[in-house]
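For reference, work-v2.txt (compact mmCIF, C-alpha atoms):
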# COMPACT_ATOMS: atom_id res chain seq x y z
CA MET A 1 0.00 0.00 0.00
CA HIS A 2 2.90 2.30 0.81
CA PRO A 3 5.13 1.44 -2.16
CA GLU A 4 8.42 2.75 -0.78
CA MET A 5 8.08 0.94 2.55
CA ARG A 6 6.92 -2.23 0.83
CA ALA A 7 9.92 -2.20 -1.52
CA ARG A 8 12.29 -1.48 1.38
CA PHE A 9 10.89 -4.30 3.51
CA ASN A 10 10.85 -6.88 0.69
CA ALA A 11 14.42 -6.06 -0.29
CA ASP A 12 15.58 -6.60 3.29
CA PHE A 13 13.49 -9.73 3.91
CA SER A 14 15.06 -13.16 4.26
CA ASP A 15 13.84 -16.58 5.32
CA ALA A 16 16.39 -16.46 8.13
CA ARG A 17 14.82 -13.29 9.56
CA TYR A 18 11.38 -14.92 9.42
CA GLU A 19 12.65 -18.04 11.19
CA GLU A 20 14.07 -15.79 13.91
CA LEU A 21 10.68 -14.07 14.21
CA LEU A 22 9.01 -17.45 14.76
CA ARG A 23 11.66 -18.53 17.25
CA ILE A 24 11.21 -15.41 19.38
CA ALA A 25 7.42 -15.51 19.16
CA ASN A 26 7.29 -19.17 20.17
CA GLU A 27 9.95 -19.20 22.89
CA THR A 28 9.45 -15.92 24.77
CA GLU A 29 6.23 -16.79 26.61
CA ARG A 30 5.34 -20.10 28.29
CA TRP A 31 2.88 -20.97 25.52
CA PRO A 32 3.75 -20.80 21.80
CA VAL A 33 1.79 -19.27 18.93
CA ASP A 34 -0.74 -21.80 17.64
CA PHE A 35 -1.62 -19.99 14.42
CA ARG A 36 0.47 -18.92 11.47
CA ILE A 37 2.27 -15.57 11.71
CA SER A 38 2.64 -13.84 8.36
CA GLU A 39 6.09 -12.93 7.14
CA THR A 40 5.22 -9.25 6.84
CA PRO A 41 3.26 -6.38 8.34
CA LEU A 42 1.17 -4.10 6.13
CA PHE A 43 2.38 -0.56 5.50
CA LEU A 44 -0.53 1.88 5.21
CA THR A 45 -0.51 5.18 3.36
CA PRO A 46 -1.83 8.24 5.22
CA ALA A 47 -4.88 8.26 2.92
CA PHE A 48 -5.83 4.65 3.67
CA THR A 49 -5.12 5.09 7.40
CA ASN A 50 -7.52 8.03 7.47
CA GLU A 51 -10.16 6.20 5.46
CA VAL A 52 -10.15 2.98 7.48
CA SER A 53 -10.18 4.99 10.72
CA GLN A 54 -13.17 6.98 9.43
CA ALA A 55 -14.87 3.75 8.37
CA ALA A 56 -14.54 2.32 11.90
CA LYS A 57 -15.83 5.59 13.38
CA ASP A 58 -18.81 5.58 11.02
CA ILE A 59 -19.78 1.98 11.89
CA VAL A 60 -19.41 2.59 15.63
CA SER A 61 -21.59 5.72 15.43
CA LYS A 62 -24.42 3.61 13.99
CA LEU A 63 -24.12 1.17 16.92
CA ARG A 64 -24.91 4.00 19.36
CA THR A 65 -28.37 4.93 18.06
CA PRO A 66 -31.80 4.11 19.55
CA GLU A 67 -32.60 2.35 16.27
CA PHE A 68 -29.71 -0.03 16.74
CA ALA A 69 -30.67 -0.69 20.36
CA LYS A 70 -34.11 -1.71 19.14
CA HIS A 71 -32.61 -4.01 16.52
CA ALA A 72 -30.27 -5.61 19.09
CA ARG A 73 -33.08 -6.47 21.54
CA THR A 74 -33.69 -9.76 19.74
CA SER A 75 -30.02 -10.71 19.46
CA ILE A 76 -29.62 -12.88 22.57
CA PRO A 77 -30.93 -16.46 22.27
CA PRO A 78 -33.48 -17.45 24.94
CA GLY A 79 -31.91 -18.48 28.23
CA LEU A 80 -28.48 -16.95 27.54
CA GLU A 81 -28.95 -13.38 28.78
CA VAL A 82 -26.53 -12.45 31.57
CA PRO A 83 -27.61 -10.13 34.45
CA ASP A 84 -26.25 -6.62 35.07
CA GLU A 85 -25.62 -5.66 31.45
CA THR A 86 -23.43 -2.61 30.99
CA PRO A 87 -24.61 0.40 28.92
CA HIS A 88 -22.07 -0.37 26.20
CA PRO A 89 -19.37 -2.95 25.40
CA THR A 90 -15.88 -2.54 26.81
CA PHE A 91 -14.24 -3.84 23.62
CA LEU A 92 -15.25 -3.38 20.00
CA GLN A 93 -13.76 -4.95 16.87
CA VAL A 94 -14.65 -3.79 13.36
CA ASP A 95 -13.29 -5.97 10.56
CA PHE A 96 -12.77 -4.67 7.03
CA SER A 97 -11.72 -6.50 3.90
CA ILE A 98 -9.28 -4.52 1.79
CA CYS A 99 -10.79 -4.23 -1.69
CA GLU A 100 -10.06 -2.36 -4.88
CA HIS A 101 -12.50 0.27 -6.16
CA GLN A 102 -11.84 2.53 -9.13
CA GLY A 103 -8.12 1.89 -8.98
CA ARG A 104 -7.59 2.42 -5.25
CA LEU A 105 -7.72 0.30 -2.10
CA VAL A 106 -10.77 0.76 0.12
CA PRO A 107 -12.11 -0.86 3.34
CA ARG A 108 -15.36 -2.87 3.25
CA LEU A 109 -17.08 -4.09 6.43
CA ILE A 110 -17.23 -7.87 6.79
CA GLU A 111 -17.62 -8.56 10.54
CA LEU A 112 -17.86 -6.86 13.91
CA GLN A 113 -17.96 -7.96 17.53
CA GLY A 114 -18.48 -6.54 21.00
CA PHE A 115 -15.92 -8.96 22.40
CA PRO A 116 -12.16 -8.77 23.13
CA SER A 117 -9.57 -9.63 20.52
CA LEU A 118 -5.80 -10.19 20.75
CA TYR A 119 -5.04 -6.97 22.63
CA GLY A 120 -2.05 -8.51 24.40
CA PHE A 121 -0.58 -10.48 21.51
CA GLN A 122 -0.59 -7.55 19.08
CA ILE A 123 1.86 -5.51 21.14
CA PHE A 124 4.01 -8.64 21.59
CA LEU A 125 3.97 -9.28 17.82
CA LEU A 126 5.01 -5.68 17.18
CA ARG A 127 8.02 -6.07 19.49
CA CYS A 128 9.02 -9.35 17.83
CA MET A 129 8.84 -7.80 14.36
CA ARG A 130 10.84 -4.75 15.40
CA HIS A 131 13.53 -7.03 16.80
CA VAL A 132 14.10 -9.03 13.61
CA TYR A 133 13.21 -6.54 10.86
CA PRO A 134 15.50 -3.49 10.92
CA ALA A 135 13.73 -2.18 7.81
CA ILE A 136 10.80 -1.10 10.01
CA PRO A 137 11.47 2.50 11.18
CA ASP A 138 10.67 3.43 14.78
CA ASP A 139 8.07 5.99 13.73
CA TRP A 140 5.93 3.38 11.95
CA VAL A 141 3.33 2.26 14.49
CA PRO A 142 0.07 0.26 14.68
CA PHE A 143 -1.55 2.60 17.21
CA PHE A 144 -4.15 5.34 16.67
CA ASN A 145 -5.20 8.50 18.48
CA GLY A 146 -1.70 9.24 19.71
CA TYR A 147 -1.23 5.99 21.65
CA ASN A 148 2.14 4.29 21.99
CA GLU A 149 3.27 1.04 23.61
CA HIS A 150 3.27 2.53 27.10
CA SER A 151 -0.02 4.46 26.97
CA TYR A 152 -1.73 1.53 25.21
CA THR A 153 -0.65 -0.85 27.99
CA GLU A 154 -1.75 1.61 30.67
CA LEU A 155 -5.17 1.98 29.02
CA LEU A 156 -5.61 -1.80 29.08
CA ARG A 157 -4.52 -1.83 32.73
CA ARG A 158 -6.99 0.90 33.64
CA VAL A 159 -9.88 -0.83 31.89
CA ILE A 160 -9.18 -4.48 32.76
CA VAL A 161 -7.54 -4.25 36.20
CA GLY A 162 -8.82 -0.88 37.38
CA ASP A 163 -8.00 -0.26 41.03
CA ALA A 164 -8.14 -3.96 41.93
CA ASP A 165 -5.25 -6.22 42.89
CA PRO A 166 -4.30 -8.05 39.64
CA GLU A 167 -4.58 -11.34 41.59
CA SER A 168 -8.32 -10.71 41.99
CA VAL A 169 -8.76 -10.22 38.23
CA VAL A 170 -8.97 -13.27 35.96
CA LEU A 171 -8.92 -13.79 32.23
CA LEU A 172 -11.79 -16.29 32.02
CA GLU A 173 -11.76 -18.97 29.30
CA ILE A 174 -12.65 -22.60 28.73
CA GLU A 175 -9.47 -24.59 29.31
CA PRO A 176 -7.23 -21.68 28.24
CA GLU A 177 -4.17 -23.90 27.80
CA LYS A 178 -5.99 -25.67 24.92
CA GLN A 179 -7.15 -22.57 23.03
CA ASN A 180 -5.57 -21.46 19.75
CA THR A 181 -5.36 -17.93 21.16
CA ARG A 182 -3.54 -18.97 24.34
CA ILE A 183 -0.51 -16.88 23.35
CA ASP A 184 -2.67 -13.78 23.86
CA PHE A 185 -3.62 -14.97 27.35
CA VAL A 186 -0.02 -15.23 28.51
CA CYS A 187 0.90 -11.96 26.80
CA THR A 188 -1.93 -10.34 28.77
CA GLU A 189 -0.60 -11.93 31.96
CA THR A 190 2.88 -10.58 31.23
CA LEU A 191 1.53 -7.09 30.55
CA LEU A 192 -1.02 -6.82 33.34
CA GLY A 193 -0.46 -9.63 35.83
CA VAL A 194 -3.90 -11.09 35.07
CA ALA A 195 -3.84 -14.89 35.03
CA PRO A 196 -5.80 -17.03 32.56
CA VAL A 197 -8.27 -19.17 34.52
CA SER A 198 -10.51 -21.92 33.23
CA LEU A 199 -14.24 -21.68 33.81
CA THR A 200 -13.96 -25.20 35.23
CA GLU A 201 -11.63 -23.93 38.00
CA VAL A 202 -14.00 -21.28 39.35
CA THR A 203 -16.11 -21.99 42.42
CA ARG A 204 -19.08 -20.04 43.79
CA ARG A 205 -20.28 -19.41 47.34
CA GLY A 206 -23.39 -17.30 47.42
CA ASN A 207 -22.79 -14.59 44.86
CA GLU A 208 -18.99 -14.60 45.26
CA LEU A 209 -16.56 -16.38 42.91
CA PHE A 210 -13.17 -17.87 43.79
CA TYR A 211 -10.20 -19.55 42.13
CA GLU A 212 -7.04 -21.16 43.46
CA ARG A 213 -3.67 -19.44 42.98
CA ASP A 214 -0.40 -20.76 44.39
CA GLY A 215 -2.31 -22.96 46.82
CA ARG A 216 -4.48 -20.08 48.05
CA GLU A 217 -8.14 -19.38 47.44
CA VAL A 218 -8.54 -15.93 45.85
CA ARG A 219 -11.80 -14.07 45.47
CA ILE A 220 -12.54 -12.85 41.95
CA GLU A 221 -13.49 -9.18 41.72
CA ARG A 222 -13.19 -8.57 37.96
CA ILE A 223 -13.61 -10.95 35.00
CA TYR A 224 -11.86 -10.23 31.71
CA ASN A 225 -14.26 -12.44 29.79
CA ARG A 226 -12.88 -14.48 26.89
CA VAL A 227 -15.45 -17.30 26.99
CA ILE A 228 -17.10 -17.67 23.57
CA PHE A 229 -20.72 -18.76 23.93
CA ASP A 230 -20.59 -20.80 20.74
CA GLU A 231 -17.90 -23.02 22.25
CA LEU A 232 -19.60 -23.14 25.64
CA LEU A 233 -22.80 -24.48 24.06
CA ARG A 234 -20.79 -27.12 22.20
CA ARG A 235 -19.20 -28.41 25.43
CA PRO A 236 -21.91 -30.22 27.43
CA ASP A 237 -19.10 -32.28 28.98
CA LEU A 238 -17.92 -29.30 31.02
CA SER A 239 -18.57 -29.10 34.74
CA PHE A 240 -18.20 -25.74 36.48
CA GLY A 241 -19.29 -24.07 39.68
CA PHE A 242 -21.37 -21.21 38.31
CA ASN A 243 -23.19 -20.29 35.16
CA PHE A 244 -23.42 -16.97 33.38
CA GLN A 245 -27.04 -16.46 34.43
CA HIS A 246 -26.12 -16.30 38.14
CA GLU A 247 -26.17 -12.95 39.93
CA ILE A 248 -22.53 -12.50 40.95
CA ASP A 249 -20.57 -9.96 42.98
CA ALA A 250 -17.90 -9.42 40.32
CA LYS A 251 -17.52 -6.97 37.46
CA TRP A 252 -17.58 -8.23 33.86
CA ILE A 253 -14.87 -6.75 31.61
CA GLY A 254 -16.63 -6.75 29.11
CA HIS A 255 -20.14 -7.91 29.68
CA PRO A 256 -21.06 -11.20 27.91
CA ASN A 257 -24.34 -9.87 26.44
CA TRP A 258 -22.39 -7.72 24.01
CA TYR A 259 -21.04 -10.88 22.36
CA PHE A 260 -24.56 -11.22 20.91
CA ARG A 261 -25.70 -7.62 20.67
CA ILE A 262 -22.79 -6.54 18.47
CA SER A 263 -22.12 -9.43 16.11
CA LYS A 264 -23.17 -10.72 12.71
CA HIS A 265 -26.71 -10.09 14.01
CA SER A 266 -25.90 -6.38 13.54
CA LEU A 267 -24.96 -6.63 9.86
CA PRO A 268 -28.51 -6.50 8.36
CA PHE A 269 -29.08 -3.26 10.28
CA LEU A 270 -25.92 -1.47 9.17
CA GLU A 271 -26.04 0.71 6.08
CA SER A 272 -22.86 2.62 5.40
CA PRO A 273 -20.64 3.58 2.48
CA TYR A 274 -18.24 1.02 3.96
CA SER A 275 -20.67 -1.93 4.28
CA SER A 276 -22.20 -4.46 1.92
CA ARG A 277 -25.80 -5.63 2.05
CA ALA A 278 -26.83 -8.36 4.49
CA PHE A 279 -30.13 -10.10 5.24
CA PHE A 280 -31.38 -12.67 7.71
CA ALA A 281 -31.82 -15.90 5.79
CA ASP A 282 -35.60 -15.89 6.30
CA GLU A 283 -35.81 -12.30 5.01
CA PHE A 284 -33.74 -12.74 1.86
CA PRO A 285 -35.42 -10.74 -0.93
CA ALA A 286 -36.93 -12.57 -3.87
CA GLY A 287 -35.11 -11.87 -7.10
CA GLU A 288 -31.65 -11.50 -5.52
CA ASN A 289 -28.94 -13.79 -6.89
CA LEU A 290 -27.80 -16.18 -4.14
CA SER A 291 -24.44 -16.64 -5.85
CA ASP A 292 -23.63 -13.02 -4.94
CA PHE A 293 -23.91 -13.78 -1.21
CA VAL A 294 -22.14 -15.72 1.55
CA LEU A 295 -24.15 -17.71 4.10
CA LYS A 296 -23.01 -17.29 7.72
CA PRO A 297 -24.28 -18.58 11.08
CA LEU A 298 -24.82 -15.69 13.47
CA TYR A 299 -22.77 -16.74 16.46
CA SER A 300 -19.99 -19.02 15.26
CA PHE A 301 -16.37 -17.91 15.57
CA SER A 302 -13.31 -18.13 13.31
CA GLY A 303 -15.26 -18.80 10.14
CA LEU A 304 -17.01 -21.95 11.39
CA GLY A 305 -20.04 -22.84 9.27
CA VAL A 306 -19.49 -20.20 6.57
CA ASP A 307 -20.78 -21.34 3.16
CA LEU A 308 -19.33 -19.52 0.15
CA GLU A 309 -21.79 -21.17 -2.27
CA PRO A 310 -25.31 -21.04 -0.79
CA THR A 311 -28.20 -22.53 -2.78
CA PRO A 312 -32.02 -22.52 -2.39
CA GLU A 313 -31.79 -26.18 -1.37
CA LYS A 314 -29.35 -25.38 1.42
CA LEU A 315 -31.56 -22.56 2.71
CA ARG A 316 -34.67 -24.77 2.75
CA VAL A 317 -33.11 -27.27 5.18
CA ILE A 318 -31.92 -24.67 7.72
CA ALA A 319 -33.88 -25.34 10.91
CA GLU A 320 -33.66 -21.75 12.26
CA PRO A 321 -33.11 -19.42 9.30
CA HIS A 322 -33.28 -16.27 11.47
CA THR A 323 -30.03 -17.41 13.10
CA TRP A 324 -28.23 -17.18 9.74
CA ILE A 325 -27.43 -14.25 7.50
CA LEU A 326 -26.68 -13.84 3.82
CA GLN A 327 -24.02 -11.19 3.27
CA GLU A 328 -23.12 -9.79 -0.12
CA LYS A 329 -19.71 -11.01 -1.25
CA VAL A 330 -16.79 -8.64 -1.30
CA HIS A 331 -13.82 -9.15 -3.56
CA TYR A 332 -10.50 -8.85 -1.79
CA ALA A 333 -7.72 -7.07 -3.63
CA GLU A 334 -4.48 -8.96 -4.21
CA PHE A 335 -2.06 -6.18 -3.38
CA VAL A 336 0.85 -7.39 -1.22
CA PRO A 337 3.74 -8.41 -3.52
CA THR A 338 5.72 -11.37 -2.20
CA PRO A 339 9.27 -12.54 -3.03
CA ASP A 340 7.97 -15.47 -5.11
CA GLY A 341 6.00 -13.16 -7.41
CA SER A 342 2.53 -13.94 -6.00
CA LYS A 343 0.33 -11.40 -4.19
CA SER A 344 -1.50 -11.72 -0.89
CA LYS A 345 -4.79 -10.15 0.17
CA ALA A 346 -5.75 -8.97 3.63
CA GLU A 347 -8.37 -7.84 6.09
CA ILE A 348 -7.83 -5.44 8.93
CA ARG A 349 -9.48 -5.50 12.35
CA MET A 350 -9.81 -2.08 13.94
CA MET A 351 -9.59 -2.58 17.70
CA LEU A 352 -11.37 -0.21 20.08
CA VAL A 353 -11.55 0.12 23.85
CA TRP A 354 -14.59 1.78 25.45
CA PRO A 355 -13.92 2.73 29.10
CA ASP A 356 -16.89 3.23 31.44
CA GLY A 357 -18.45 6.64 31.02
CA GLU A 358 -16.13 7.65 28.17
CA GLU A 359 -16.10 7.60 24.39
CA PRO A 360 -14.93 4.55 22.40
CA ILE A 361 -11.23 4.82 21.50
CA LEU A 362 -9.63 3.34 18.39
CA VAL A 363 -6.29 2.07 19.68
CA ASN A 364 -4.76 -0.72 17.63
CA ASN A 365 -5.29 -3.17 14.77
CA LEU A 366 -4.91 -6.77 13.73
CA VAL A 367 -4.35 -8.05 10.18
CA ARG A 368 -5.07 -11.42 8.61
CA MET A 369 -3.50 -12.23 5.25
CA SER A 370 -4.49 -14.89 2.72
CA GLN A 371 -3.98 -16.24 -0.76
CA GLY A 372 -7.00 -18.55 -0.60
CA ALA A 373 -10.78 -18.19 -0.84
CA MET A 374 -10.98 -17.29 2.88
CA MET A 375 -8.61 -16.28 5.66
CA GLY A 376 -8.66 -19.63 7.49
CA VAL A 377 -5.79 -22.12 7.67
CA LYS A 378 -7.53 -24.73 5.51
CA PHE A 379 -7.74 -22.23 2.63
CA ASN A 380 -4.03 -21.36 2.85
CA LYS A 381 -2.23 -24.68 3.15
CA ASN A 382 1.33 -24.61 1.87
CA LYS A 383 1.10 -20.84 1.31
CA THR A 384 3.55 -18.19 2.51
CA TRP A 385 3.01 -14.52 3.35
CA VAL A 386 -0.33 -15.47 4.90
CA GLY A 387 -1.61 -15.54 8.48
CA SER A 388 -1.78 -13.16 11.41
CA SER A 389 -0.05 -9.78 11.20
CA ILE A 390 -0.35 -6.08 11.99
CA ALA A 391 -0.66 -2.87 9.96
CA LEU A 392 1.77 -0.01 10.48
CA HIS A 393 1.44 3.63 9.52
CA GLN A 394 3.71 6.60 10.02
CA GLY A 395 2.94 8.14 13.39

Structure re-expressed in structure tokens:
Amino acid sequence: MHPEMRARFNADFSDARYEELLRIANETERWPVDFRISETPLFLTPAFTNEVSQAAKDIVSKLRTPEFAKHARTSIPPGLEVPDETPHPTFLQVDFSICEHQGRLVPRLIELQGFPSLYGFQIFLLRCMRHVYPAIPDDWVPFFNGYNEHSYTELLRRVIVGDADPESVVLLEIEPEKQNTRIDFVCTETLLGVAPVSLTEVTRRGNELFYERDGREVRIERIYNRVIFDELLRRPDLSFGFNFQHEIDAKWIGHPNWYFRISKHSLPFLESPYSSRAFFADEFPAGENLSDFVLKPLYSFSGLGVDLEPTPEKLRVIAEPHTWILQEKVHYAEFVPTPDGSKSKAEIRMMLVWPDGEEPILVNNLVRMSQGAMMGVKFNKNKTWVGSSIALHQG
């Protein structure tokens, strides 16, 4: 995107540097990286940085209207609503594909979520890349709104830990040591002192929650929630001491209801210059061409259940069509030149933090790169210059 920086980076790149990146990323923390790291960051021009920032701002503004609140009332499946919902999510992610339009690269909305992303890992990845790639100048950063490594970390500390003892704050997951994103959990622990704790290791007495740490029982005051409901519902084998519908004397960071309220359920509501059309499967207009749309389940994660080639026959056998959407396809630009002569495409996740009583703040980003039909591993087997990355712009 920034031709001079791209040429500079590619000229300096070597397989040996990339192997060193992987070594550092996999050996620094107690858990390794369980997903592919791309060989390269993206380098954004000022024009694209401004446009994708404006696109995220535009989408977020539409999530703050009374009309959206009305739309989101039906987003939570029966029996899954959690008490003490907060007025807004603590974390917001807005995902854009990078497409070509009239000869220039533009962002197009593909997903969004009111749920945390890899806030810890992204700063770790930045440090790893800076260490092995001297072609990256110090003034090229992934942060927005004037944030740097220190102020970004302190914002996360203020929002997640607050004035509590870090020991009384847990990063809650289902068997965190088995999750593909476990590297983010230990990066968060390194940054903030907040330990990853399995839902199965939490006990409840009355409305208080506890976990064991170093042989001591510690009361939980704040929960940095990373439990994905989709996985929780698929794990009837789990046994744990409380459920999300209990009234508890602990603060959710962020509240689980926003996993549903801001999600693919939101896409049919959103109309923006940066979005494509989306419909609930049972409201798909007659006369539209199904081949122009992607079929997605509302609440799955990491691309599970996505069908790139929906048909009328497939729609007819869906048991609950209002829990699926059809989203108009976007066509990713192939714009990242690689040493072997191929080109990669990418999507960028704009990562926001929304402190209590304040405005949402765009702080960082995450990039996924691909050369396949989708971003997932199965679509990029034996490919290089694909996987998880970060976008840098001149600060």

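Here the question is which of A:Gln394, A:Ser14, A:Thr190, A:Asn289 gets nearest to Phe143 (chain A) using all atoms listed in the file, and that residue is A:Gln394.
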
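Going from CA of Ile220 (chain A) over to CA of Glu167 (chain A), you cover 8.1 Å.
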
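Using all atoms listed in the file, the shortest contact distance between Leu42 (chain A) and any of A:Pro355, A:Gly114, A:Gly254, A:Pro337 is found at A:Pro337.
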
Neighbours of Ile59 (chain A) within 8 Å (only C-alpha atoms; same-chain residues fewer than 6 positions away dropped), as number ranges by chain?
-> A: 94, 270, 272

Print the selection's residues with C-alpha atoms to a file, as a PDB file, in the coordinates of the input.
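The result, stored in selection.pdb:
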ATOM      1  CA  VAL A  94     -14.650  -3.790  13.360  1.00  0.00           C
ATOM      2  CA  LEU A 270     -25.920  -1.470   9.170  1.00  0.00           C
ATOM      3  CA  SER A 272     -22.860   2.620   5.400  1.00  0.00           C
TER       4      SER A 272
END

Residue nearest Glu231 (chain A) - candidates A:Glu173, A:Asp58, A:Glu320, A:Glu201, atoms counted: all atoms listed in the file | A:Glu173

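Taking only C-alpha atoms into account, Arg182 (chain A) lies nearest to A:Ser117 out of the set A:Ser117, A:Asn148, A:Asn243, A:Asn365.
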
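Nearest-residue note for Leu267 (chain A): choosing from A:Asp340, A:Phe242, A:Pro41, A:Leu326, the minimum distance belongs to A:Leu326, counting all atoms listed in the file.
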
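All residues of protein, DNA or RNA that reach within 7 Å of Tyr259 (chain A), judged by all atoms listed in the file and not counting those fewer than 4 positions away in the chain, are Gln113, Gly114, Phe115 and Ser263 of chain A.
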
For Thr40 (chain A), please output as a PDB file with C-alpha atoms, in the coordinates of the input all residues within 10 Å (counting all atoms listed in the file; exclusion window: fewer than 5 positions along the same chain).
ATOM      1  CA  ARG A   6       6.920  -2.230   0.830  1.00  0.00           C
ATOM      2  CA  PHE A   9      10.890  -4.300   3.510  1.00  0.00           C
ATOM      3  CA  ASN A  10      10.850  -6.880   0.690  1.00  0.00           C
ATOM      4  CA  PHE A  13      13.490  -9.730   3.910  1.00  0.00           C
ATOM      5  CA  TYR A  18      11.380 -14.920   9.420  1.00  0.00           C
ATOM      6  CA  MET A 129       8.840  -7.800  14.360  1.00  0.00           C
ATOM      7  CA  TYR A 133      13.210  -6.540  10.860  1.00  0.00           C
ATOM      8  CA  VAL A 336       0.850  -7.390  -1.220  1.00  0.00           C
ATOM      9  CA  THR A 338       5.720 -11.370  -2.200  1.00  0.00           C
ATOM     10  CA  MET A 369      -3.500 -12.230   5.250  1.00  0.00           C
ATOM     11  CA  TRP A 385       3.010 -14.520   3.350  1.00  0.00           C
ATOM     12  CA  VAL A 386      -0.330 -15.470   4.900  1.00  0.00           C
ATOM     13  CA  GLY A 387      -1.610 -15.540   8.480  1.00  0.00           C
ATOM     14  CA  SER A 388      -1.780 -13.160  11.410  1.00  0.00           C
ATOM     15  CA  SER A 389      -0.050  -9.780  11.200  1.00  0.00           C
ATOM     16  CA  ILE A 390      -0.350  -6.080  11.990  1.00  0.00           C
ATOM     17  CA  ALA A 391      -0.660  -2.870   9.960  1.00  0.00           C
TER      18      ALA A 391
END

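Counting from CA of Ser239 (chain A), the distance to CA of Thr200 (chain A) is 6.1 Å.
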
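The gap separating CA of Leu112 (chain A) from CA of Asp292 (chain A) is 20.7 Å, in Å to one decimal.
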
List the residues sitting within 12 Å of (-21.2, -11.2, 0.5) in the file's frame, using all atoms listed in the file, as a PyMOL selection string.
-> chain A and resi 97+108-111+267-268+275-279+289-296+306-310+325-332

Selection: 7 Å around Ile253 (chain A), only C-alpha atoms, excl. self and same-chain fewer than 2 positions, as a PyMOL selection string | chain A and resi 90+160+222-225+251+255

Please list, as a CSV table (one decimal) with C-alpha atoms, keeping the file's coordinate frame, the residues that have an atom at most 10 Å away from (5.7, -17.2, 27.3) in the coordinates of this file, counting only C-alpha atoms.
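Listing of point-v6.csv after writing:
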chain,number,residue,atom,x,y,z
A,24,ILE,CA,11.2,-15.4,19.4
A,25,ALA,CA,7.4,-15.5,19.2
A,26,ASN,CA,7.3,-19.2,20.2
A,27,GLU,CA,10.0,-19.2,22.9
A,28,THR,CA,9.4,-15.9,24.8
A,29,GLU,CA,6.2,-16.8,26.6
A,30,ARG,CA,5.3,-20.1,28.3
A,31,TRP,CA,2.9,-21.0,25.5
A,32,PRO,CA,3.8,-20.8,21.8
A,33,VAL,CA,1.8,-19.3,18.9
A,182,ARG,CA,-3.5,-19.0,24.3
A,183,ILE,CA,-0.5,-16.9,23.4
A,184,ASP,CA,-2.7,-13.8,23.9
A,185,PHE,CA,-3.6,-15.0,27.4
A,186,VAL,CA,0.0,-15.2,28.5
A,187,CYS,CA,0.9,-12.0,26.8
A,189,GLU,CA,-0.6,-11.9,32.0
A,190,THR,CA,2.9,-10.6,31.2

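If only C-alpha atoms are the atoms counted, then among A:Gly241, A:Asp84, A:Asn364, A:Ala319 the closest residue to Gly146 (chain A) is A:Asn364.
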